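Data block below; observations after.
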Amino acid sequence: MKLGILVNEGPYTHQASDSAYHFTKAALEKGHEIFRVFFYNDGVNNGTRLTVPPQDDRNLQKAWSELADKHKLDLVVCIAAAQRRGILDQDEAKRHGKNVDNIAPGFRISGLGQLVETAMIAERLVVFGD
Amino acid sequence: MKLGILVNEGPYTHQASDSAYHFTKAALEKGHEIFRVFFYNDGVNNGTRLTVPPQDDRNLQKAWSELADKHKLDLVVCIAAAQRRGILDQDEAKRHGKNVDNIAPGFRISGLGQLVETAMIAERLVVFGD
Amino acid sequence: MADVKPPEIASNIKKKLMYVNRKAPYGTIYALESLEVVLISAAFEQDVSLAFLDDGVYQLMKGQNTSGIGMKNFSPTFKALGDYEIKKLYVEKESLDERGLKPDDLMEISYEDEDEGFAKKPSVRIVNRSELTQIMAQQDVLLNF
Amino acid sequence: MADVKPPEIASNIKKKLMYVNRKAPYGTIYALESLEVVLISAAFEQDVSLAFLDDGVYQLMKGQNTSGIGMKNFSPTFKALGDYEIKKLYVEKESLDERGLKPDDLMEISYEDEDEGFAKKPSVRIVNRSELTQIMAQQDVLLNF
Amino acid sequence: MSTLHTVNKSPFERSAFISALNHLGPGDALLMIEDGVVGARKASAFAGLLEKTAKNFSVYVLGPDLAARGMAEKDVIQGARLVDYGGFVDLVTEHDRTQAWL
Amino acid sequence: MSTLHTVNKSPFERSAFISALNHLGPGDALLMIEDGVVGARKASAFAGLLEKTAKNFSVYVLGPDLAARGMAEKDVIQGARLVDYGGFVDLVTEHDRTQAWL
């Protein structure tokens, strides 16, 4: 089945990102298709490559990036939510006069329309948040 | 009176940062001393200079930076919490092999001991969170 | 909203999308960011509705004045939803009652009915819990914020 | 913990600091990050105590096994608090009762009493709500997470 | 046409759990995840309500989240069934839609 | 020796409000801020409890937060007093400690 995932909280502070990750992995293992994982609200904070979690803890950004690489997942960070939280790719950084970007590999920044599209095309949408 | 402020949530997602800012400003206007504003948990996200809030919205990072500049405020971002959330200064970025930093002007990264010290030295500690 | 682009690949899909709002405005950003998705979804010509229950009913309060907290008052946007062809705002009666609120405490939100000479009609419908449960059960997708 | 440095300027200050824990572990990070402050504060030789009430009591549950959720099980750290001279963990009885929990469901946490030949003594004290209210009222600082 | 309702918050902390219960329709299922699993505990203040719910609706608890909070199958109310993440996926696909009570 | 208790969450959403009320001691004050202000509404399910509380403790509501949610002094229970941010600061300094029921 074609599934869509919405992640509304950032990593570590709430379990939502962990739950979404484990759910996505389990769905892929069962042979389902993940149409898209959309990161909204604080969920966009999953997409910064600057996190340095403790050595004995999981690294959620890496986990997402590796899962995306392995399964050709589409990880989309909402552009408006990302601007509020300081998540930028190269284009966004340039557009807003910032000297650096911080987007992680495997994530792309795009519009909220991509969430509506996910709701339209995926056969089920599963929401993880606070 | 000597006051300490603890901010446990990031800007925009929760009102905690706004409340802490308005409280701090009001305390300064009344002639109180702010010993330190300590940013913990997601509160560290107040300290990234990469946010680009909508034009018609407040810019909390700028508001803090300007208040700090005007009143010589000590704005401290917890190092451990910042690592988990991807907030780095130049030293931290270098130490962890990251090619960029994102700390905002007026904020400094330091240890949790600075929070305990605030609790010890400030006559009142006011906590803002979720 | 420069990034709105109706998807060409999905132009023949029309789903019933309901945005479920259960949180008060301003204390957290969920109400505002939910409304931002609602506005975007209008461009996709879906069958969109909004549910307000629990503390979500506070989003529709009349006379919101945010000047004292330095945040943007986004409540006028709800009044513009009719222009986006979003006409179905369901408010749960039990949620109002519990909070000591009456329908009169909420903003008047209306749309113009093309089929009846652009007559103004109310967008807000007060429904009871069992009605709302049934309406939710008719949706294709529930988006919760 | 490389950043712990007791402040020289304040070495003569000894305050009663209480960490108030009201949230369940793992669902949010507050329990873990609260514990991180507790450990740091030990280095400052303050009069530290911890309160567990409401969902905070779940932080002390026996037999926590996080292997299935891929998160670090930090509950063993509570058992080490005695080594940091942190010996006062207050658990609210009413919070346990409401949740169907008994003192036996919680981890055994103890410290060695120097004054009594390093005898093992329990660090956890079950107190009722009015006792906890009184203990809170004796603190200099309450840190809530 | 049925809905899978997920609850990720403790009923002792938030009203989301009760709100979810109040909006279950015929054929719906309830899945407790994250901090929500504590609501399934036997002999808790919510146990009676959940047991009653379990007579009319399917009630599931995410096992890995339960274990993290120091509980096991023997600790939860009668009528609640444990699932793992794979079971969570199955529940999503078996119901027509998912409603997350955040 | 008294405590200022701040509550920033709606009593309809979270138990923090009730928990704060259950832990008030002699001379303590309660200040409702952010989403917490909705708990001060007249004729709500919590009005009776708060009115009773206001007989034994000082109860304050942060005015700017109340206005943001479309309410004014006339909408809150008898016995609750409105303060602004400056008044919030005064309450903090007038009490010996602050307890935030997050």
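Identifiers for the structure tokens are assigned positionally: chains receive A, B, ... in sequence, residues are indexed from 1 per chain, and ligands are indexed from 1 in the order shown.
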Got a sec: who's within 8 Å of segment 97-110 of chain D, counting only C-alpha atoms, leaving out chain neighbours fewer than 5 positions off, as JSON, numbers by chain?
{"D": [60, 61, 62, 63, 78, 79, 82, 87, 120, 121, 122, 123, 124, 126], "E": [41, 42, 43, 44, 45]}
Within 6 Å of Leu4 of chain F, counting only C-alpha atoms, which residues qualify if same-chain residues fewer than 3 places away don't, as an NGL selection string?
:F and (28-30 or 95 or 98)
Once chain E is fitted onto chain F by least squares over all its in-order Cα atoms, send the moved chain as a JSON list (two decimals) with N, CA and C atoms, in the first residue's frame.
[["chain", "number", "residue", "atom", "x", "y", "z"],
["E", 1, "MET", "N", 6.95, 33.11, 53.98],
["E", 1, "MET", "CA", 7.56, 32.26, 52.96],
["E", 1, "MET", "C", 6.47, 31.70, 52.05],
["E", 2, "SER", "N", 6.26, 32.31, 50.89],
["E", 2, "SER", "CA", 5.17, 31.88, 50.02],
["E", 2, "SER", "C", 5.66, 31.70, 48.59],
["E", 3, "THR", "N", 4.87, 30.98, 47.81],
["E", 3, "THR", "CA", 5.26, 30.60, 46.45],
["E", 3, "THR", "C", 4.29, 31.19, 45.43],
["E", 4, "LEU", "N", 4.85, 31.69, 44.32],
["E", 4, "LEU", "CA", 4.02, 32.06, 43.17],
["E", 4, "LEU", "C", 4.00, 30.87, 42.21],
["E", 5, "HIS", "N", 2.81, 30.33, 41.97],
["E", 5, "HIS", "CA", 2.66, 29.21, 41.04],
["E", 5, "HIS", "C", 2.21, 29.74, 39.69],
["E", 6, "THR", "N", 2.92, 29.41, 38.63],
["E", 6, "THR", "CA", 2.46, 29.81, 37.30],
["E", 6, "THR", "C", 1.94, 28.58, 36.56],
["E", 7, "VAL", "N", 0.81, 28.78, 35.87],
["E", 7, "VAL", "CA", 0.22, 27.72, 35.06],
["E", 7, "VAL", "C", 0.06, 28.26, 33.64],
["E", 8, "ASN", "N", 0.68, 27.59, 32.67],
["E", 8, "ASN", "CA", 0.62, 28.10, 31.30],
["E", 8, "ASN", "C", -0.15, 27.19, 30.36],
["E", 9, "LYS", "N", -0.87, 26.22, 30.92],
["E", 9, "LYS", "CA", -1.61, 25.28, 30.07],
["E", 9, "LYS", "C", -3.09, 25.30, 30.42],
["E", 10, "SER", "N", -3.91, 25.10, 29.43],
["E", 10, "SER", "CA", -5.35, 25.03, 29.62],
["E", 10, "SER", "C", -5.71, 23.85, 30.51],
["E", 11, "PRO", "N", -6.62, 24.08, 31.48],
["E", 11, "PRO", "CA", -7.07, 22.96, 32.32],
["E", 11, "PRO", "C", -7.87, 21.94, 31.52],
["E", 12, "PHE", "N", -8.37, 22.36, 30.35],
["E", 12, "PHE", "CA", -9.13, 21.44, 29.51],
["E", 12, "PHE", "C", -8.21, 20.50, 28.74],
["E", 13, "GLU", "N", -6.94, 20.91, 28.60],
["E", 13, "GLU", "CA", -5.99, 20.09, 27.84],
["E", 13, "GLU", "C", -5.08, 19.27, 28.74],
["E", 14, "ARG", "N", -4.65, 19.87, 29.85],
["E", 14, "ARG", "CA", -3.65, 19.20, 30.68],
["E", 14, "ARG", "C", -4.01, 19.22, 32.15],
["E", 15, "SER", "N", -3.43, 18.28, 32.86],
["E", 15, "SER", "CA", -3.70, 18.15, 34.28],
["E", 15, "SER", "C", -2.83, 19.10, 35.12],
["E", 16, "ALA", "N", -1.93, 19.85, 34.49],
["E", 16, "ALA", "CA", -1.01, 20.71, 35.24],
["E", 16, "ALA", "C", -1.76, 21.71, 36.12],
["E", 17, "PHE", "N", -2.87, 22.24, 35.61],
["E", 17, "PHE", "CA", -3.68, 23.22, 36.34],
["E", 17, "PHE", "C", -4.19, 22.64, 37.66],
["E", 18, "ILE", "N", -4.80, 21.46, 37.56],
["E", 18, "ILE", "CA", -5.33, 20.80, 38.75],
["E", 18, "ILE", "C", -4.20, 20.45, 39.71],
["E", 19, "SER", "N", -3.09, 20.01, 39.15],
["E", 19, "SER", "CA", -1.96, 19.64, 39.99],
["E", 19, "SER", "C", -1.45, 20.87, 40.76],
["E", 20, "ALA", "N", -1.39, 22.00, 40.08],
["E", 20, "ALA", "CA", -0.97, 23.24, 40.75],
["E", 20, "ALA", "C", -1.92, 23.56, 41.90],
["E", 21, "LEU", "N", -3.22, 23.50, 41.63],
["E", 21, "LEU", "CA", -4.22, 23.80, 42.66],
["E", 21, "LEU", "C", -4.07, 22.87, 43.86],
["E", 22, "ASN", "N", -3.73, 21.62, 43.58],
["E", 22, "ASN", "CA", -3.58, 20.63, 44.65],
["E", 22, "ASN", "C", -2.33, 20.85, 45.50],
["E", 23, "HIS", "N", -1.45, 21.72, 45.04],
["E", 23, "HIS", "CA", -0.20, 21.92, 45.77],
["E", 23, "HIS", "C", -0.01, 23.37, 46.23],
["E", 24, "LEU", "N", -1.11, 24.09, 46.40],
["E", 24, "LEU", "CA", -1.00, 25.44, 46.93],
["E", 24, "LEU", "C", -0.86, 25.36, 48.45],
["E", 25, "GLY", "N", 0.03, 26.17, 48.98],
["E", 25, "GLY", "CA", 0.21, 26.23, 50.43],
["E", 25, "GLY", "C", -0.23, 27.59, 50.96],
["E", 26, "PRO", "N", -0.26, 27.75, 52.28],
["E", 26, "PRO", "CA", -0.69, 29.01, 52.89],
["E", 26, "PRO", "C", 0.07, 30.21, 52.34],
["E", 27, "GLY", "N", -0.65, 31.24, 51.92],
["E", 27, "GLY", "CA", -0.02, 32.46, 51.42],
["E", 27, "GLY", "C", 0.39, 32.40, 49.97],
["E", 28, "ASP", "N", 0.19, 31.25, 49.32],
["E", 28, "ASP", "CA", 0.62, 31.11, 47.93],
["E", 28, "ASP", "C", -0.32, 31.86, 46.97],
["E", 29, "ALA", "N", 0.21, 32.13, 45.77],
["E", 29, "ALA", "CA", -0.59, 32.78, 44.74],
["E", 29, "ALA", "C", -0.49, 31.97, 43.46],
["E", 30, "LEU", "N", -1.55, 32.09, 42.64],
["E", 30, "LEU", "CA", -1.61, 31.39, 41.36],
["E", 30, "LEU", "C", -1.68, 32.43, 40.25],
["E", 31, "LEU", "N", -0.81, 32.29, 39.25],
["E", 31, "LEU", "CA", -0.84, 33.19, 38.10],
["E", 31, "LEU", "C", -1.05, 32.37, 36.83],
["E", 32, "MET", "N", -2.11, 32.69, 36.09],
["E", 32, "MET", "CA", -2.40, 31.97, 34.86],
["E", 32, "MET", "C", -1.89, 32.76, 33.67],
["E", 33, "ILE", "N", -1.03, 32.11, 32.88],
["E", 33, "ILE", "CA", -0.45, 32.80, 31.71],
["E", 33, "ILE", "C", -0.63, 31.93, 30.47],
["E", 34, "GLU", "N", -0.29, 32.48, 29.31],
["E", 34, "GLU", "CA", -0.36, 31.76, 28.02],
["E", 34, "GLU", "C", -1.72, 31.05, 27.90],
["E", 35, "ASP", "N", -1.73, 29.80, 27.43],
["E", 35, "ASP", "CA", -3.01, 29.10, 27.27],
["E", 35, "ASP", "C", -3.71, 28.86, 28.61],
["E", 36, "GLY", "N", -2.99, 29.03, 29.70],
["E", 36, "GLY", "CA", -3.57, 28.83, 31.02],
["E", 36, "GLY", "C", -4.71, 29.78, 31.34],
["E", 37, "VAL", "N", -4.72, 30.95, 30.67],
["E", 37, "VAL", "CA", -5.74, 31.96, 30.99],
["E", 37, "VAL", "C", -7.17, 31.47, 30.72],
["E", 38, "VAL", "N", -7.33, 30.52, 29.80],
["E", 38, "VAL", "CA", -8.69, 30.07, 29.48],
["E", 38, "VAL", "C", -9.35, 29.39, 30.67],
["E", 39, "GLY", "N", -8.54, 28.95, 31.62],
["E", 39, "GLY", "CA", -9.09, 28.33, 32.82],
["E", 39, "GLY", "C", -9.81, 29.31, 33.73],
["E", 40, "ALA", "N", -9.62, 30.61, 33.49],
["E", 40, "ALA", "CA", -10.25, 31.63, 34.35],
["E", 40, "ALA", "C", -11.63, 32.02, 33.86],
["E", 41, "ARG", "N", -12.06, 31.46, 32.74],
["E", 41, "ARG", "CA", -13.35, 31.83, 32.15],
["E", 41, "ARG", "C", -14.53, 31.51, 33.07],
["E", 42, "LYS", "N", -15.38, 32.51, 33.22],
["E", 42, "LYS", "CA", -16.67, 32.34, 33.93],
["E", 42, "LYS", "C", -17.47, 31.19, 33.33],
["E", 43, "ALA", "N", -18.21, 30.50, 34.15],
["E", 43, "ALA", "CA", -19.20, 29.50, 33.68],
["E", 43, "ALA", "C", -18.57, 28.32, 32.95],
["E", 44, "SER", "N", -17.25, 28.20, 33.00],
["E", 44, "SER", "CA", -16.63, 27.01, 32.40],
["E", 44, "SER", "C", -16.68, 25.86, 33.41],
["E", 45, "ALA", "N", -16.30, 24.69, 32.97],
["E", 45, "ALA", "CA", -16.34, 23.51, 33.84],
["E", 45, "ALA", "C", -15.39, 23.65, 35.04],
["E", 46, "PHE", "N", -14.40, 24.54, 34.93],
["E", 46, "PHE", "CA", -13.45, 24.71, 36.03],
["E", 46, "PHE", "C", -13.74, 25.95, 36.88],
["E", 47, "ALA", "N", -14.75, 26.72, 36.50],
["E", 47, "ALA", "CA", -15.01, 28.00, 37.15],
["E", 47, "ALA", "C", -15.29, 27.83, 38.65],
["E", 48, "GLY", "N", -16.11, 26.85, 39.00],
["E", 48, "GLY", "CA", -16.46, 26.64, 40.40],
["E", 48, "GLY", "C", -15.24, 26.35, 41.25],
["E", 49, "LEU", "N", -14.40, 25.47, 40.74],
["E", 49, "LEU", "CA", -13.18, 25.09, 41.44],
["E", 49, "LEU", "C", -12.26, 26.30, 41.63],
["E", 50, "LEU", "N", -12.14, 27.10, 40.60],
["E", 50, "LEU", "CA", -11.23, 28.25, 40.67],
["E", 50, "LEU", "C", -11.81, 29.33, 41.60],
["E", 51, "GLU", "N", -13.13, 29.49, 41.57],
["E", 51, "GLU", "CA", -13.76, 30.46, 42.47],
["E", 51, "GLU", "C", -13.50, 30.07, 43.93],
["E", 52, "LYS", "N", -13.61, 28.80, 44.20],
["E", 52, "LYS", "CA", -13.33, 28.31, 45.55],
["E", 52, "LYS", "C", -11.87, 28.58, 45.91],
["E", 53, "THR", "N", -10.98, 28.31, 44.95],
["E", 53, "THR", "CA", -9.55, 28.56, 45.18],
["E", 53, "THR", "C", -9.29, 30.03, 45.48],
["E", 54, "ALA", "N", -10.00, 30.89, 44.74],
["E", 54, "ALA", "CA", -9.78, 32.33, 44.87],
["E", 54, "ALA", "C", -10.19, 32.86, 46.24],
["E", 55, "LYS", "N", -10.99, 32.08, 46.98],
["E", 55, "LYS", "CA", -11.37, 32.52, 48.33],
["E", 55, "LYS", "C", -10.23, 32.34, 49.33],
["E", 56, "ASN", "N", -9.34, 31.38, 49.04],
["E", 56, "ASN", "CA", -8.25, 31.09, 49.97],
["E", 56, "ASN", "C", -6.87, 31.53, 49.47],
["E", 57, "PHE", "N", -6.77, 31.77, 48.17],
["E", 57, "PHE", "CA", -5.47, 32.12, 47.60],
["E", 57, "PHE", "C", -5.65, 33.29, 46.63],
["E", 58, "SER", "N", -4.59, 34.03, 46.39],
["E", 58, "SER", "CA", -4.65, 35.08, 45.38],
["E", 58, "SER", "C", -4.57, 34.44, 44.01],
["E", 59, "VAL", "N", -5.49, 34.83, 43.13],
["E", 59, "VAL", "CA", -5.51, 34.29, 41.76],
["E", 59, "VAL", "C", -5.34, 35.44, 40.77],
["E", 60, "TYR", "N", -4.34, 35.32, 39.90],
["E", 60, "TYR", "CA", -4.06, 36.35, 38.91],
["E", 60, "TYR", "C", -4.11, 35.78, 37.50],
["E", 61, "VAL", "N", -4.45, 36.65, 36.55],
["E", 61, "VAL", "CA", -4.50, 36.26, 35.14],
["E", 61, "VAL", "C", -3.69, 37.28, 34.35],
["E", 62, "LEU", "N", -2.83, 36.82, 33.45],
["E", 62, "LEU", "CA", -2.03, 37.74, 32.65],
["E", 62, "LEU", "C", -2.92, 38.35, 31.56],
["E", 63, "GLY", "N", -3.19, 39.65, 31.70],
["E", 63, "GLY", "CA", -4.12, 40.36, 30.81],
["E", 63, "GLY", "C", -3.79, 40.23, 29.33],
["E", 64, "PRO", "N", -2.56, 40.47, 28.92],
["E", 64, "PRO", "CA", -2.22, 40.38, 27.50],
["E", 64, "PRO", "C", -2.54, 39.01, 26.90],
["E", 65, "ASP", "N", -2.35, 37.95, 27.67],
["E", 65, "ASP", "CA", -2.67, 36.61, 27.18],
["E", 65, "ASP", "C", -4.18, 36.40, 27.09],
["E", 66, "LEU", "N", -4.90, 37.00, 28.03],
["E", 66, "LEU", "CA", -6.36, 36.89, 28.03],
["E", 66, "LEU", "C", -6.93, 37.59, 26.79],
["E", 67, "ALA", "N", -6.43, 38.80, 26.52],
["E", 67, "ALA", "CA", -6.90, 39.57, 25.36],
["E", 67, "ALA", "C", -6.61, 38.84, 24.05],
["E", 68, "ALA", "N", -5.47, 38.20, 23.97],
["E", 68, "ALA", "CA", -5.11, 37.48, 22.74],
["E", 68, "ALA", "C", -6.12, 36.38, 22.43],
["E", 69, "ARG", "N", -6.71, 35.83, 23.49],
["E", 69, "ARG", "CA", -7.69, 34.75, 23.31],
["E", 69, "ARG", "C", -9.12, 35.27, 23.32],
["E", 70, "GLY", "N", -9.25, 36.57, 23.03],
["E", 70, "GLY", "CA", -10.58, 37.14, 22.84],
["E", 70, "GLY", "C", -11.38, 37.33, 24.11],
["E", 71, "MET", "N", -10.70, 37.44, 25.24],
["E", 71, "MET", "CA", -11.44, 37.61, 26.50],
["E", 71, "MET", "C", -10.97, 38.85, 27.24],
["E", 72, "ALA", "N", -11.83, 39.32, 28.15],
["E", 72, "ALA", "CA", -11.51, 40.51, 28.93],
["E", 72, "ALA", "C", -11.88, 40.27, 30.38],
["E", 73, "GLU", "N", -11.65, 41.30, 31.21],
["E", 73, "GLU", "CA", -11.88, 41.16, 32.65],
["E", 73, "GLU", "C", -13.29, 40.68, 32.96],
["E", 74, "LYS", "N", -14.28, 41.15, 32.18],
["E", 74, "LYS", "CA", -15.67, 40.78, 32.45],
["E", 74, "LYS", "C", -15.94, 39.28, 32.24],
["E", 75, "ASP", "N", -15.04, 38.62, 31.53],
["E", 75, "ASP", "CA", -15.25, 37.19, 31.22],
["E", 75, "ASP", "C", -14.68, 36.24, 32.27],
["E", 76, "VAL", "N", -13.89, 36.78, 33.19],
["E", 76, "VAL", "CA", -13.23, 35.86, 34.13],
["E", 76, "VAL", "C", -13.99, 35.77, 35.45],
["E", 77, "ILE", "N", -13.73, 34.73, 36.18],
["E", 77, "ILE", "CA", -14.43, 34.48, 37.44],
["E", 77, "ILE", "C", -14.18, 35.61, 38.43],
["E", 78, "GLN", "N", -15.13, 35.74, 39.35],
["E", 78, "GLN", "CA", -14.97, 36.71, 40.43],
["E", 78, "GLN", "C", -13.78, 36.33, 41.30],
["E", 79, "GLY", "N", -12.99, 37.33, 41.66],
["E", 79, "GLY", "CA", -11.89, 37.07, 42.57],
["E", 79, "GLY", "C", -10.55, 36.95, 41.86],
["E", 80, "ALA", "N", -10.58, 36.80, 40.53],
["E", 80, "ALA", "CA", -9.31, 36.76, 39.79],
["E", 80, "ALA", "C", -8.94, 38.19, 39.38],
["E", 81, "ARG", "N", -7.68, 38.52, 39.54],
["E", 81, "ARG", "CA", -7.23, 39.87, 39.20],
["E", 81, "ARG", "C", -6.30, 39.84, 37.99],
["E", 82, "LEU", "N", -6.46, 40.84, 37.11],
["E", 82, "LEU", "CA", -5.60, 40.92, 35.93],
["E", 82, "LEU", "C", -4.30, 41.64, 36.23],
["E", 83, "VAL", "N", -3.20, 41.13, 35.66],
["E", 83, "VAL", "CA", -1.91, 41.82, 35.74],
["E", 83, "VAL", "C", -1.28, 41.87, 34.35],
["E", 84, "ASP", "N", -0.36, 42.82, 34.15],
["E", 84, "ASP", "CA", 0.41, 42.83, 32.90],
["E", 84, "ASP", "C", 1.80, 42.24, 33.19],
["E", 85, "TYR", "N", 2.73, 42.31, 32.22],
["E", 85, "TYR", "CA", 4.04, 41.71, 32.45],
["E", 85, "TYR", "C", 4.76, 42.35, 33.64],
["E", 86, "GLY", "N", 4.56, 43.67, 33.81],
["E", 86, "GLY", "CA", 5.15, 44.34, 34.98],
["E", 86, "GLY", "C", 4.59, 43.77, 36.27],
["E", 87, "GLY", "N", 3.29, 43.51, 36.27],
["E", 87, "GLY", "CA", 2.66, 42.90, 37.44],
["E", 87, "GLY", "C", 3.18, 41.50, 37.70],
["E", 88, "PHE", "N", 3.43, 40.76, 36.63],
["E", 88, "PHE", "CA", 4.04, 39.42, 36.71],
["E", 88, "PHE", "C", 5.39, 39.53, 37.43],
["E", 89, "VAL", "N", 6.20, 40.51, 37.02],
["E", 89, "VAL", "CA", 7.51, 40.71, 37.65],
["E", 89, "VAL", "C", 7.33, 41.01, 39.14],
["E", 90, "ASP", "N", 6.38, 41.88, 39.46],
["E", 90, "ASP", "CA", 6.15, 42.21, 40.88],
["E", 90, "ASP", "C", 5.76, 40.96, 41.68],
["E", 91, "LEU", "N", 4.89, 40.14, 41.10],
["E", 91, "LEU", "CA", 4.47, 38.92, 41.79],
["E", 91, "LEU", "C", 5.67, 38.01, 42.07],
["E", 92, "VAL", "N", 6.56, 37.92, 41.09],
["E", 92, "VAL", "CA", 7.76, 37.08, 41.28],
["E", 92, "VAL", "C", 8.59, 37.60, 42.45],
["E", 93, "THR", "N", 8.78, 38.91, 42.50],
["E", 93, "THR", "CA", 9.66, 39.45, 43.55],
["E", 93, "THR", "C", 8.97, 39.44, 44.91],
["E", 94, "GLU", "N", 7.64, 39.54, 44.93],
["E", 94, "GLU", "CA", 6.91, 39.58, 46.20],
["E", 94, "GLU", "C", 6.80, 38.21, 46.87],
["E", 95, "HIS", "N", 6.96, 37.14, 46.08],
["E", 95, "HIS", "CA", 6.93, 35.80, 46.67],
["E", 95, "HIS", "C", 8.35, 35.25, 46.78],
["E", 96, "ASP", "N", 8.52, 34.28, 47.66],
["E", 96, "ASP", "CA", 9.87, 33.81, 47.94],
["E", 96, "ASP", "C", 10.45, 32.92, 46.86],
["E", 97, "ARG", "N", 9.55, 32.29, 46.10],
["E", 97, "ARG", "CA", 10.00, 31.41, 45.01],
["E", 97, "ARG", "C", 8.90, 31.28, 44.00],
["E", 98, "THR", "N", 9.27, 30.77, 42.83],
["E", 98, "THR", "CA", 8.30, 30.58, 41.76],
["E", 98, "THR", "C", 8.29, 29.11, 41.38],
["E", 99, "GLN", "N", 7.10, 28.58, 41.19],
["E", 99, "GLN", "CA", 6.97, 27.18, 40.76],
["E", 99, "GLN", "C", 6.18, 27.18, 39.45],
["E", 100, "ALA", "N", 6.83, 26.74, 38.38],
["E", 100, "ALA", "CA", 6.18, 26.72, 37.07],
["E", 100, "ALA", "C", 5.61, 25.32, 36.81],
["E", 101, "TRP", "N", 4.30, 25.22, 36.70],
["E", 101, "TRP", "CA", 3.66, 23.92, 36.45],
["E", 101, "TRP", "C", 3.63, 23.66, 34.96],
["E", 102, "LEU", "N", 4.74, 23.21, 34.42],
["E", 102, "LEU", "CA", 4.88, 23.02, 32.97],
["E", 102, "LEU", "C", 4.18, 21.74, 32.52]]
Counting only C-alpha atoms, a student should be able to say which residues of chain A come within 12 Å of chain C; what is the right answer, written as an MDAnalysis selection string?
chainID A and resid 3:9 40:43 78:82 84 109:130
Write out as a list in words the residues lying within 8 Å of Pro105 of chain B, counting only C-alpha atoms and excluding same-chain residues fewer than 2 positions away.
Arg49, Ser65, Ile103 and Phe107 of chain B
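Picture a line from atom CA of Arg85 of chain A to atom CA of Lys70 of chain A; it runs 27.7 Å.
Of the residues in segment 53-99 of chain B, those given helix (DSSP H, G or I) by DSSP on the backbone are B:Leu60, B:Gln61, B:Lys62, B:Ala63, B:Trp64, B:Ser65, B:Glu66, B:Leu67, B:Ala68, B:Asp69, B:Lys70, B:His71, B:Ile79, B:Ala80, B:Ala81, B:Ala82, B:Gln83, B:Arg84, B:Arg85, B:Gln90, B:Asp91, B:Glu92, B:Ala93, B:Lys94, B:Arg95.
Of note, atom CA of Gln90 of chain A and atom CA of Gln55 of chain B are spaced 20.7 Å apart.
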Once you count only C-alpha atoms, what closest atom pair and distance in Å to one decimal does each residue of chain D within 10 Å of chain F have, with rows by chain and rising residue number, as a tab-separated table?
residue	atom	partner	partner_atom	distance
D:Val20	CA	F:Gln99	CA	9.1
D:Asn21	CA	F:Leu102	CA	9.7
D:Arg22	CA	F:Leu102	CA	8.3
D:Lys23	CA	F:Leu102	CA	9.2
D:Leu53	CA	F:Ser19	CA	9.1
D:Asp54	CA	F:Ser19	CA	7.8
D:Arg129	CA	F:His23	CA	7.2
D:Ser130	CA	F:His23	CA	7.3
D:Glu131	CA	F:His23	CA	9.8
D:Leu132	CA	F:His23	CA	8.0
D:Thr133	CA	F:His23	CA	5.3
D:Gln134	CA	F:Gly25	CA	7.3
D:Met136	CA	F:His23	CA	8.8
D:Ala137	CA	F:Thr3	CA	7.0
D:Gln138	CA	F:Met1	CA	8.2
D:Gln139	CA	F:Arg97	CA	8.1
D:Asp140	CA	F:Arg97	CA	6.6
D:Val141	CA	F:Arg97	CA	6.3
D:Leu142	CA	F:Gln99	CA	5.9
D:Leu143	CA	F:Gln99	CA	7.5
D:Asn144	CA	F:Ala100	CA	6.2
D:Phe145	CA	F:Leu102	CA	6.7
Same residues, C-alpha atoms, output as a PDB file, in the first residue's frame:
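Result went into selection-v6.pdb, see below:
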ATOM      1  CA  VAL D  20      10.314  18.771  40.100  1.00  0.00           C
ATOM      2  CA  ASN D  21       9.592  15.931  37.667  1.00  0.00           C
ATOM      3  CA  ARG D  22       6.050  15.610  36.370  1.00  0.00           C
ATOM      4  CA  LYS D  23       6.517  13.958  32.983  1.00  0.00           C
ATOM      5  CA  LEU D  53       4.672  13.492  40.987  1.00  0.00           C
ATOM      6  CA  ASP D  54       1.994  13.131  38.335  1.00  0.00           C
ATOM      7  CA  ARG D 129       0.435  15.328  48.694  1.00  0.00           C
ATOM      8  CA  SER D 130       0.261  17.617  51.714  1.00  0.00           C
ATOM      9  CA  GLU D 131       3.711  16.498  52.884  1.00  0.00           C
ATOM     10  CA  LEU D 132       5.132  17.164  49.426  1.00  0.00           C
ATOM     11  CA  THR D 133       3.470  20.568  49.375  1.00  0.00           C
ATOM     12  CA  GLN D 134       5.214  21.391  52.637  1.00  0.00           C
ATOM     13  CA  MET D 136       8.261  22.229  48.271  1.00  0.00           C
ATOM     14  CA  ALA D 137       7.510  25.269  50.429  1.00  0.00           C
ATOM     15  CA  GLN D 138      10.852  24.823  52.203  1.00  0.00           C
ATOM     16  CA  GLN D 139      12.946  25.031  49.028  1.00  0.00           C
ATOM     17  CA  ASP D 140      14.927  28.022  47.850  1.00  0.00           C
ATOM     18  CA  VAL D 141      14.560  27.154  44.189  1.00  0.00           C
ATOM     19  CA  LEU D 142      12.185  24.884  42.286  1.00  0.00           C
ATOM     20  CA  LEU D 143      13.347  23.729  38.862  1.00  0.00           C
ATOM     21  CA  ASN D 144      10.493  22.311  36.830  1.00  0.00           C
ATOM     22  CA  PHE D 145      10.871  20.119  33.802  1.00  0.00           C
TER      23      PHE D 145
END
